[in-house]
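Source file target-v1.txt; content: compact mmCIF, C-alpha atoms and all ligand atoms.
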# COMPACT_ATOMS: atom_id res chain seq x y z
CA MET I 240 21.73 -0.25 -24.08
CA THR I 241 24.25 -3.08 -23.68
CA ASP I 242 27.24 -1.04 -24.82
CA SER I 243 26.62 1.83 -22.47
CA ALA I 244 25.71 -0.61 -19.72
CA GLU I 245 29.07 -2.30 -20.07
CA ARG I 246 30.84 1.04 -20.00
CA ALA I 247 28.84 2.13 -16.98
CA THR I 248 29.84 -0.99 -15.12
CA GLY I 249 33.53 -1.36 -15.78
CA PRO I 250 35.32 -4.61 -15.06
CA ALA I 251 35.04 -4.50 -11.26
CA ALA I 252 31.33 -5.09 -10.91
CA ALA I 253 30.09 -8.55 -11.66
CA PRO I 254 26.93 -10.33 -10.57
CA GLY I 255 27.51 -12.45 -7.53
CA GLY I 256 29.65 -10.05 -5.59
CA ARG I 257 32.35 -7.40 -5.86
CA GLY I 258 35.70 -9.08 -5.99
CA GLY I 259 37.80 -9.05 -2.88
CA THR I 260 35.05 -8.42 -0.32
CA GLY I 261 35.14 -12.01 0.88
CA LEU I 262 31.37 -11.81 1.10
CA ALA I 263 30.52 -13.56 -2.15
CA GLU I 264 28.67 -16.34 -0.34
CA THR I 265 26.77 -14.03 2.01
CA PRO I 266 23.35 -12.98 0.74
CA MET I 267 23.08 -9.30 -0.12
CA VAL I 268 20.13 -8.98 2.25
CA ARG I 269 19.23 -11.13 5.19
CA ALA I 270 16.12 -10.30 7.20
CA GLU I 271 15.47 -12.22 10.39
CA ASN I 272 12.27 -12.26 12.41
CA LEU I 273 11.33 -8.65 11.65
CA HIS I 274 8.55 -7.07 13.67
CA ARG I 275 7.32 -3.51 13.23
CA SER I 276 4.17 -1.98 14.71
CA TYR I 277 2.69 1.47 14.46
CA GLY I 278 0.55 3.21 17.09
CA THR I 279 -0.55 1.97 20.49
CA GLY I 280 -3.63 0.52 22.15
CA SER I 281 -6.69 0.20 19.96
CA THR I 282 -4.95 1.97 17.04
CA ARG I 283 -1.95 -0.36 17.06
CA VAL I 284 -1.17 -1.93 13.68
CA GLU I 285 1.24 -4.83 13.43
CA ALA I 286 2.67 -4.11 9.98
CA LEU I 287 5.31 -6.87 10.09
CA ARG I 288 4.95 -9.98 12.19
CA GLY I 289 8.13 -12.03 12.09
CA VAL I 290 9.40 -11.62 8.54
CA GLY I 291 12.50 -13.49 7.42
CA PHE I 292 14.05 -13.95 3.98
CA GLU I 293 17.25 -13.65 2.00
CA VAL I 294 18.08 -11.83 -1.22
CA PRO I 295 20.98 -13.53 -3.01
CA ARG I 296 23.64 -11.34 -4.64
CA GLY I 297 23.04 -10.31 -8.22
CA GLU I 298 19.36 -11.22 -8.21
CA LEU I 299 16.23 -9.22 -8.91
CA VAL I 300 13.76 -10.14 -6.19
CA ALA I 301 10.18 -8.95 -6.37
CA LEU I 302 8.17 -8.35 -3.24
CA LYS I 303 4.49 -8.71 -3.95
CA GLY I 304 1.52 -8.17 -1.71
CA ARG I 305 -1.74 -6.29 -1.52
CA SER I 306 -1.95 -2.71 -0.41
CA GLY I 307 -1.30 -2.58 3.33
CA SER I 308 0.49 -5.94 3.47
CA GLY I 309 3.67 -4.27 4.76
CA LYS I 310 5.86 -3.87 1.65
CA THR I 311 6.91 -0.27 2.26
CA THR I 312 7.48 -0.97 5.95
CA LEU I 313 9.75 -3.85 5.01
CA LEU I 314 11.70 -1.90 2.38
CA ASN I 315 12.23 0.94 4.87
CA LEU I 316 13.77 -1.52 7.32
CA VAL I 317 15.99 -3.13 4.68
CA GLY I 318 17.13 0.30 3.47
CA GLY I 319 17.98 1.54 6.95
CA LEU I 320 15.31 4.26 6.82
CA ASP I 321 13.54 2.77 9.83
CA THR I 322 14.46 0.32 12.59
CA PRO I 323 12.55 -2.83 13.56
CA ASP I 324 10.95 -3.34 16.96
CA GLU I 325 12.45 -6.80 16.91
CA GLY I 326 14.63 -8.80 14.55
CA ARG I 327 17.62 -8.01 12.40
CA VAL I 328 18.57 -6.80 8.92
CA THR I 329 21.96 -7.50 7.38
CA VAL I 330 22.96 -5.73 4.14
CA ASP I 331 26.13 -6.76 2.34
CA GLY I 332 27.32 -8.46 5.51
CA THR I 333 26.66 -5.43 7.75
CA ASP I 334 24.23 -5.80 10.63
CA LEU I 335 22.19 -2.57 10.54
CA SER I 336 21.44 -2.75 14.25
CA GLY I 337 25.14 -2.19 14.89
CA LEU I 338 25.16 1.16 13.05
CA ASP I 339 24.52 4.56 14.58
CA GLU I 340 22.73 7.33 12.63
CA GLN I 341 25.98 8.34 10.88
CA GLY I 342 26.67 4.74 9.92
CA LEU I 343 23.16 4.34 8.54
CA LEU I 344 23.52 7.58 6.59
CA ARG I 345 26.76 6.36 5.08
CA LEU I 346 25.23 3.00 4.18
CA ARG I 347 22.27 4.69 2.49
CA ARG I 348 24.52 7.12 0.63
CA ASP I 349 27.22 4.70 -0.48
CA SER I 350 25.67 1.24 -0.73
CA ILE I 351 21.95 1.57 -1.40
CA GLY I 352 20.05 3.21 -4.24
CA PHE I 353 16.38 4.06 -3.70
CA VAL I 354 13.66 4.36 -6.33
CA PHE I 355 10.20 5.48 -5.23
CA GLN I 356 6.81 5.44 -6.92
CA SER I 357 6.73 9.24 -6.83
CA TYR I 358 10.20 9.56 -8.48
CA GLY I 359 11.38 12.09 -5.88
CA LEU I 360 13.16 14.30 -8.41
CA ILE I 361 14.04 17.93 -7.71
CA PRO I 362 11.77 20.00 -10.02
CA ILE I 363 14.15 22.91 -10.65
CA LEU I 364 17.06 20.69 -11.66
CA THR I 365 17.55 19.17 -15.11
CA ALA I 366 17.62 15.41 -15.62
CA ALA I 367 21.42 15.49 -15.65
CA GLU I 368 21.58 17.61 -12.49
CA ASN I 369 19.16 15.31 -10.70
CA VAL I 370 21.29 12.28 -11.56
CA GLY I 371 24.36 14.17 -10.33
CA VAL I 372 22.94 15.03 -6.89
CA PRO I 373 24.26 11.92 -5.07
CA LEU I 374 27.68 12.49 -6.64
CA ARG I 375 27.72 16.10 -5.45
CA LEU I 376 26.77 14.98 -1.96
CA ARG I 377 29.70 12.62 -1.99
CA GLY I 378 32.07 15.30 -3.25
CA THR I 379 32.87 13.57 -6.52
CA ASP I 380 35.25 15.50 -8.77
CA PRO I 381 33.18 17.56 -11.29
CA ARG I 382 34.73 15.97 -14.37
CA GLU I 383 34.23 12.47 -13.08
CA ARG I 384 30.71 13.45 -12.11
CA GLU I 385 29.92 14.71 -15.58
CA GLU I 386 31.20 11.51 -17.16
CA ARG I 387 29.27 9.29 -14.79
CA VAL I 388 26.05 11.28 -15.32
CA ALA I 389 26.43 11.04 -19.12
CA LEU I 390 26.99 7.31 -18.86
CA LEU I 391 23.98 6.79 -16.61
CA LEU I 392 21.69 8.87 -18.80
CA SER I 393 22.81 6.79 -21.75
CA LEU I 394 22.20 3.60 -19.76
CA VAL I 395 18.57 4.57 -19.21
CA GLY I 396 18.17 5.93 -22.76
CA LEU I 397 17.86 9.62 -21.87
CA THR I 398 20.95 11.19 -23.39
CA ASP I 399 18.81 13.44 -25.55
CA HIS I 400 16.79 14.63 -22.55
CA ALA I 401 19.67 15.58 -20.24
CA ALA I 402 18.77 19.27 -20.16
CA GLN I 403 15.05 18.82 -19.50
CA ARG I 404 13.48 19.35 -16.11
CA PRO I 405 11.09 16.78 -14.55
CA GLY I 406 8.07 18.90 -15.54
CA GLU I 407 9.15 18.56 -19.17
CA LEU I 408 9.51 14.76 -19.03
CA SER I 409 6.94 11.96 -19.16
CA GLY I 410 6.31 9.77 -16.10
CA GLY I 411 8.33 6.94 -17.61
CA GLN I 412 11.21 9.30 -18.38
CA CYS I 413 11.11 10.69 -14.83
CA GLN I 414 11.33 7.17 -13.46
CA ARG I 415 14.31 6.49 -15.73
CA VAL I 416 16.02 9.57 -14.31
CA ALA I 417 15.24 8.28 -10.81
CA ILE I 418 16.79 4.91 -11.66
CA ALA I 419 19.90 6.59 -13.08
CA ARG I 420 20.17 8.72 -9.95
CA ALA I 421 19.78 5.66 -7.72
CA LEU I 422 22.73 4.06 -9.54
CA ALA I 423 24.95 7.15 -9.39
CA ASN I 424 27.07 6.07 -6.43
CA ARG I 425 27.37 2.48 -7.69
CA PRO I 426 25.20 0.97 -4.95
CA VAL I 427 25.37 -2.75 -4.23
CA LEU I 428 21.65 -2.80 -3.50
CA LEU I 429 18.79 -1.14 -5.34
CA ILE I 430 15.52 -0.81 -3.43
CA ALA I 431 12.46 0.15 -5.46
CA ASP I 432 9.03 0.74 -3.94
CA GLU I 433 6.29 0.36 -6.56
CA PRO I 434 8.48 1.94 -9.26
CA THR I 435 5.81 1.34 -11.88
CA GLY I 436 2.88 2.47 -9.74
CA GLN I 437 2.28 5.74 -11.58
CA LEU I 438 2.93 4.39 -15.06
CA ASP I 439 0.65 2.83 -17.65
CA ALA I 440 0.99 -0.93 -18.17
CA GLU I 441 3.30 -0.71 -21.18
CA THR I 442 5.64 1.87 -19.64
CA GLY I 443 5.57 -0.07 -16.37
CA LEU I 444 6.73 -3.19 -18.15
CA ALA I 445 9.48 -1.25 -19.93
CA MET I 446 10.61 0.08 -16.54
CA MET I 447 10.77 -3.40 -15.06
CA GLU I 448 12.73 -4.57 -18.11
CA LEU I 449 15.13 -1.69 -17.55
CA LEU I 450 15.59 -2.73 -13.92
CA ARG I 451 16.13 -6.30 -15.10
CA ALA I 452 18.83 -5.13 -17.54
CA VAL I 453 20.48 -2.90 -14.94
CA VAL I 454 20.71 -5.76 -12.44
CA ARG I 455 22.57 -7.77 -15.07
CA SER I 456 24.79 -5.03 -16.45
CA GLU I 457 25.66 -3.21 -13.22
CA GLY I 458 26.04 -6.32 -11.07
CA VAL I 459 23.61 -4.79 -8.62
CA THR I 460 21.09 -6.66 -6.46
CA ALA I 461 17.51 -5.37 -6.49
CA LEU I 462 14.53 -5.71 -4.19
CA VAL I 463 11.43 -4.36 -5.91
CA ALA I 464 7.97 -4.05 -4.35
CA THR I 465 5.09 -4.30 -6.75
CA HIS I 466 1.51 -5.41 -6.78
CA ASP I 467 1.53 -5.66 -10.54
CA THR I 468 1.47 -9.39 -11.22
CA GLN I 469 2.49 -8.84 -14.86
CA LEU I 470 5.90 -7.70 -13.75
CA LEU I 471 6.69 -10.69 -11.60
CA ASP I 472 7.86 -12.86 -14.50
CA LEU I 473 10.91 -10.65 -14.87
CA ALA I 474 12.10 -11.36 -11.31
CA ASP I 475 14.54 -14.11 -10.37
CA ARG I 476 12.32 -14.86 -7.39
CA VAL I 477 9.17 -13.54 -5.82
CA LEU I 478 8.49 -13.04 -2.13
CA GLU I 479 4.89 -12.66 -1.10
CA LEU I 480 3.85 -10.62 1.88
CA SER I 481 0.43 -11.09 3.32
CA ASP I 482 -0.74 -9.37 6.48
CA GLY I 483 2.78 -8.75 7.68
CA THR I 484 4.18 -12.24 7.08
CA ILE I 485 5.91 -13.92 4.16
CA THR I 486 3.50 -16.43 2.69
CA GLY I 487 5.27 -17.49 -0.49
CA SER I 488 8.65 -17.36 -2.21
N1 LIG P 1 3.45 5.65 9.70
C1 LIG P 1 2.44 4.80 9.91
N2 LIG P 1 1.60 4.96 10.95
C2 LIG P 1 0.62 4.09 11.19
N3 LIG P 1 0.34 3.00 10.44
C3 LIG P 1 1.13 2.80 9.38
C4 LIG P 1 2.22 3.68 9.06
N4 LIG P 1 2.83 3.21 7.94
C5 LIG P 1 2.17 2.10 7.59
N5 LIG P 1 1.14 1.84 8.45
C6 LIG P 1 0.23 0.69 8.41
O1 LIG P 1 1.02 -0.50 8.34
C7 LIG P 1 0.46 -1.44 7.42
C8 LIG P 1 1.46 -1.73 6.32
O2 LIG P 1 1.67 -0.57 5.53
P1 LIG P 1 2.69 -0.49 4.32
O3 LIG P 1 2.69 0.90 3.81
O4 LIG P 1 3.97 -1.09 4.75
O5 LIG P 1 1.99 -1.48 3.26
P2 LIG P 1 2.22 -1.62 1.70
O6 LIG P 1 2.12 -3.08 1.39
O7 LIG P 1 3.46 -0.92 1.30
O8 LIG P 1 0.98 -0.86 1.10
P3 LIG P 1 0.82 -0.08 -0.32
O9 LIG P 1 0.97 -1.12 -1.39
O10 LIG P 1 -0.56 0.49 -0.26
O11 LIG P 1 1.89 0.97 -0.35
C9 LIG P 1 -0.83 -0.79 6.91
O12 LIG P 1 -1.90 -1.30 7.69
C10 LIG P 1 -0.62 0.68 7.16
O13 LIG P 1 -1.85 1.34 7.36
Using structure tokens, write down the structure from this file.
Ligand SMILES: Nc1ncnc2c1ncn2[C@@H]1O[C@H](COP(=O)(O)OP(=O)(O)OP(=O)(O)O)[C@@H](O)[C@H]1O
Amino acid sequence: MTDSAERATGPAAAPGGRGGTGLAETPMVRAENLHRSYGTGSTRVEALRGVGFEVPRGELVALKGRSGSGKTTLLNLVGGLDTPDEGRVTVDGTDLSGLDEQGLLRLRRDSIGFVFQSYGLIPILTAAENVGVPLRLRGTDPREREERVALLLSLVGLTDHAAQRPGELSGGQCQRVAIARALANRPVLLIADEPTGQLDAETGLAMMELLRAVVRSEGVTALVATHDTQLLDLADRVLELSDGTITGS
């Protein structure tokens, strides 16, 4: 995997920042005093109650917590998919509260890669076509797109499965496709919500190892929610959410 990983990366991307941004010392993610509630009155749920943390550049940070502790809510705020009731999220030096819907769209398309528990692949497209979707959306030249897709499939070990559709792939292979797709636009931040949730223990561990390798080789920063304690050893640091607050790091 190392060879293809190096080729996928190129010389520009290195852990700790992308040369010339002047942001090398700024954490990739800074969350300050985040509050997010759902519902009103007696049905009101305070999902996040003053969450603050930082994710340093080039690190793989795991977010652990029981079901309902607020992990998905938090990842949605960090990824610009939702806005907090109070508090602030900064990604790669950009304060998300200063962005309008177009700005958030651009940030999600160009700077953030998402991986979900349910893979989120398009069933009628092949593995290669799924990986190429973000590149099509960005209007990448077809030849460049083809090369990037081939490189990414090789990075996740799926070169021989490029022409298969999700229904013809195993769960672990589908998640590899999803990871390759998330990396297509060379994001600075990878957000993964329970990426091993639908996989058996062994495949789940292999997936976390792949994420670990990708963080190193692609110079990407990753924030990964999991409640699988076995996977936490592979993280550079672990944040613990409990009842909407950070209780350990
Ligand atoms: N759209 C919503 N409407 C109402 N309540 C919600 C909504 N989304 C989440 N919640 C509530 O907010 C709390 C946090 O949910 P969240 O999905 O963030 O937790 P989680 O740690 O990701 O859980 P899991 O590990 O089960 O995915 C829970 O009590 C949940 O029921």
Using all atoms listed in the file, determine which residues lie at most 12 Å from I:Gly289, disregarding the query and same-chain residues fewer than 4 positions distant; provide the list as a PDB file with C-alpha atoms, keeping the file's coordinate frame.
ATOM      1  CA  ALA I 270      16.120 -10.300   7.200  1.00  0.00           C
ATOM      2  CA  GLU I 271      15.470 -12.220  10.390  1.00  0.00           C
ATOM      3  CA  ASN I 272      12.270 -12.260  12.410  1.00  0.00           C
ATOM      4  CA  LEU I 273      11.330  -8.650  11.650  1.00  0.00           C
ATOM      5  CA  HIS I 274       8.550  -7.070  13.670  1.00  0.00           C
ATOM      6  CA  ARG I 275       7.320  -3.510  13.230  1.00  0.00           C
ATOM      7  CA  SER I 276       4.170  -1.980  14.710  1.00  0.00           C
ATOM      8  CA  GLU I 285       1.240  -4.830  13.430  1.00  0.00           C
ATOM      9  CA  GLY I 309       3.670  -4.270   4.760  1.00  0.00           C
ATOM     10  CA  LEU I 313       9.750  -3.850   5.010  1.00  0.00           C
ATOM     11  CA  PRO I 323      12.550  -2.830  13.560  1.00  0.00           C
ATOM     12  CA  ASP I 324      10.950  -3.340  16.960  1.00  0.00           C
ATOM     13  CA  GLU I 325      12.450  -6.800  16.910  1.00  0.00           C
ATOM     14  CA  GLY I 326      14.630  -8.800  14.550  1.00  0.00           C
ATOM     15  CA  ARG I 327      17.620  -8.010  12.400  1.00  0.00           C
ATOM     16  CA  LEU I 480       3.850 -10.620   1.880  1.00  0.00           C
ATOM     17  CA  SER I 481       0.430 -11.090   3.320  1.00  0.00           C
ATOM     18  CA  ASP I 482      -0.740  -9.370   6.480  1.00  0.00           C
ATOM     19  CA  GLY I 483       2.780  -8.750   7.680  1.00  0.00           C
ATOM     20  CA  THR I 484       4.180 -12.240   7.080  1.00  0.00           C
ATOM     21  CA  ILE I 485       5.910 -13.920   4.160  1.00  0.00           C
ATOM     22  CA  THR I 486       3.500 -16.430   2.690  1.00  0.00           C
TER      23      THR I 486
END
query = Suppose you want the space between atom CA of I:Thr365 and atom CA of I:Leu422; what is it in Å?
reply =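 Taking atom CA of I:Thr365 as the start and atom CA of I:Leu422 as the end point, the length is 16.9 Å.
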With distances taken over all atoms listed in the file, the candidate from I:Leu374, I:Leu428, I:Leu408, I:Val300 nearest I:Pro362 is I:Leu408
8 Å from ligand LIG 1 (chain P) is the threshold here; counting only C-alpha atoms and all ligand atoms, which polymer residues fall inside it? Answer as a compact mmCIF listing (two decimals) with C-alpha atoms, keeping the file's coordinate frame.
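Written out: result38.txt:
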# COMPACT_ATOMS: atom_id res chain seq x y z
CA SER I 276 4.17 -1.98 14.71
CA TYR I 277 2.69 1.47 14.46
CA GLY I 278 0.55 3.21 17.09
CA ARG I 283 -1.95 -0.36 17.06
CA VAL I 284 -1.17 -1.93 13.68
CA GLU I 285 1.24 -4.83 13.43
CA ALA I 286 2.67 -4.11 9.98
CA LEU I 287 5.31 -6.87 10.09
CA GLY I 304 1.52 -8.17 -1.71
CA ARG I 305 -1.74 -6.29 -1.52
CA SER I 306 -1.95 -2.71 -0.41
CA GLY I 307 -1.30 -2.58 3.33
CA SER I 308 0.49 -5.94 3.47
CA GLY I 309 3.67 -4.27 4.76
CA LYS I 310 5.86 -3.87 1.65
CA THR I 311 6.91 -0.27 2.26
CA THR I 312 7.48 -0.97 5.95
CA LEU I 313 9.75 -3.85 5.01
CA ASP I 432 9.03 0.74 -3.94
CA GLU I 433 6.29 0.36 -6.56
CA ALA I 464 7.97 -4.05 -4.35
CA THR I 465 5.09 -4.30 -6.75
CA HIS I 466 1.51 -5.41 -6.78
CA LEU I 480 3.85 -10.62 1.88
CA ASP I 482 -0.74 -9.37 6.48
CA GLY I 483 2.78 -8.75 7.68
Item checked: Selection near I:Leu478, 7 Å with only C-alpha atoms, sequence-local residues under 6 positions removed, as number ranges by chain -> I: 301-303, 485, 487-488
| task | One decimal, Å: what's the distance from atom CA of I:Glu457 over to atom CA of I:Ala440, could you say? | result |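 For atom CA of I:Glu457 relative to atom CA of I:Ala440, the distance reads 25.3 Å.
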